[in-house]
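Encoded as structure tokens, the structure appears first; notes follow it.
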There are 2 protein chains.
Amino acid sequence: MTTADRLVESTRELLWERGYTGTSPKAIQQRAGAGQGSMYHHFTGKPDLALAAIRRTADEMRAQAEAQLSAPGAAVDRVTAYLRRERDVLKGCPIGRLTQDPDVMASPTLREPVEETLGWLRERLSQVLAEGVARGELDPALDARETAATVVAVLQGGYVLARAAGSVEPFDQAVTGVLGLLAARVVDPAA
Amino acid sequence: MTTADRLVESTRELLWERGYTGTSPKAIQQRAGAGQGSMYHHFTGKPDLALAAIRRTADEMRAQAEAQLSAPGAAVDRVTAYLRRERDVLKGCPIGRLTQDPDVMASPTLREPVEETLGWLRERLSQVLAEGVARGELDPALDARETAATVVAVLQGGYVLARAAGSVEPFDQAVTGVLGLLAARVVDPAA
DNA sequence: GTCTATAAAGAGATAGAC
DNA sequence: GTCTATCTCTTTATAGAC
């Protein structure tokens with residue numbers, strides 16, 4: 001891994017753990033095993049490095065979601081697979097957490113990948129649910145767009161509850177709860 | 001309002017806007033119109049002041065939730081009233097956001113009110129839903145605890161989506177979505 | 001109680017040698 | 001490309017006068 005790569009990876013970890021405000025250039029350099037001169041040679045400063053880190057994390061998150069959501073199978077099963085996927089629940093969502101960082105939200109450049117990624121995720125889930133309705137798997141009265149927002153919100157909020165509780169339990173409950181509600185809208189093939 | 005009160009109120013605002021790490025004693029003093037000597041006379045330091053601020057916010061949040069949830073009426077209506085209550089959506093939840101503050105979560109003292117408040121909220125919503133089931137308003141198969149976690153997660157996650165989008169829309173969609181799912185579990189009195 | 005002075009440490013860079 | 005030196009602000013206090 002090149003020095004530039006190690007700097008980006010260290011920044012990704014620190015942004016996840018401590019957020020933008022809580023992450024200093026010095027901490028990034030130490031974790032990457034690079035000196036100041038090295039960091040300012042490859043990047044113009046903290047915002048530039050953060051942008052590279054956020055973009056890489058956003059790309060990764062999108063690819064992982066797409067892996068579950070584009071799989072073959074019923075819409076509910078794909079949504080279930082996505083929600084039940086192994087996650088570092090107590091660390092939270094590396095993109096969602098940036099939403100609480102005032103300096104990130106104040107910068108159109110840094111904010112853009114955050115907005116784009118969560119917007120894409122809602123849209124993609126909406127497609128999957130709409131497909132389920134079109135195929136006769138789900139209640140035609142189900143609003144795909146709203147339900148997609150609900151599912152993404154359960155994920156993001158589940159992280160918050162888990163971190164507050166210091167336990168994965170509320171996250172699992174919230175996911176199980178929304179899947180239970182969704183199951184009631186699955187059209188019974190026997191009916 | 002006393003100087004101590006103004007300091008606590010300023011801290012509450014700043015914790016909401018910028019989080020614990022992003023809030024400096026100097027910023028607190030300026031917003032409160034108080035000098036350093038004044039602040040350090042009334043409080044031992046930033047953590048002490050933050051604790052007072054967090055506790056006050058937690059008490060307020062609990063009282064507001066209780067106002068909707070203890071009202072007369074059907075369980076679904078009370079949950080709806082709670083979710084639909086007027087909120088400063090783009091500012092997010094002043095308690096939930098602290099979950100992303102590593103220094104808050106690392107301090108058992110600062111963390112306690114956060115954990116307590118969100119734990120109480122899940123428990124209280126669970127009671128309301130269980131009551132709905134017991135009264136025959138809701139499908140007996142509905143798991144009150146899990147559904148309560150889902151509802152609280154939708155709120156917390158809805159804030160995240162709204163902030164990411166820079167718009168209240170995804171929050172409203174997520175809330176409408178979960179209420180739509182819940183409506184399908186309401187027992188039809190005509191049946 | 002509130003004010004001003006002082007200060008050690010960290011944040012976030014820039015400059016120039018190697 | 002990487003290193004060390006230097007620099008300006010900010011953070012988070014403490015000390016002591018008023």
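Residues are named by chain letter and number: chains run A, B, ... in the order of the structure tokens, numbers start at 1 in each chain, and ligands are numbered from 1 in the order shown.
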
Restrict the distance test to only C-alpha atoms (C1' of nucleotides), flag each residue of chain A within 9 Å of chain C, and return the flagged residues as an MDAnalysis selection string.
-> chainID A and resid 24:26 40 45:46

Looking only at the backbone, which of the residues in chain A does DSSP tag as alpha helix (DSSP H), as a count of residues only?
-> 134

Pull out every residue of chain B sitting within 8 Å of chain A, counting only C-alpha atoms, and send them as a ChimeraX atom specification.
-> /B:17-19,21-22,96-97,99-102,111,114-115,118-119,142-143,145-158,160-161,163-165,170-171,173-178,180-182,184-185

I'd like a table as CSV: residues in chain D with an atom no more than 10 Å from chain A, each row giving the shortest atom pair and its distance in Å to one decimal, only C-alpha atoms (C1' of nucleotides) counted, sorted by chain and rising residue number.
residue,atom,partner,partner_atom,distance
D:DG1,C1',A:Ser38,CA,6.8
D:DT2,C1',A:Ser38,CA,5.6
D:DC3,C1',A:Gly37,CA,6.8
D:DT4,C1',A:Gly37,CA,9.1

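Put simply, CA of Pro189 in chain B is 8.1 Å away from CA of Glu137 in chain B.
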
Quick one: of A:Ser107, A:Thr2, A:Ser167, A:Gln64, who's nearest to Glu86 in chain A, counting only C-alpha atoms?
-> A:Gln64

Name all residues at most 9 Å from Arg12 in chain B (count only C-alpha atoms (C1' of nucleotides); drop same-chain ones fewer than 5 positions away) and give them as a ChimeraX atom specification.
-> /B:7,17,50,52-54,56-57,94

Take the residues from that selection and put them in a file with C-alpha atoms, as a tab-separated table (two decimals), in the first residue's frame.
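As written to disk, again39.tsv reads:
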chain	number	residue	atom	x	y	z
B	7	LEU	CA	-24.32	28.88	30.60
B	17	GLU	CA	-25.52	22.18	16.88
B	50	ALA	CA	-22.05	19.33	29.57
B	52	ALA	CA	-25.90	19.65	33.39
B	53	ALA	CA	-26.89	20.48	29.82
B	54	ILE	CA	-27.43	16.87	28.76
B	56	ARG	CA	-31.76	19.09	31.23
B	57	THR	CA	-32.25	18.15	27.58
B	94	PRO	CA	-30.26	16.49	20.70
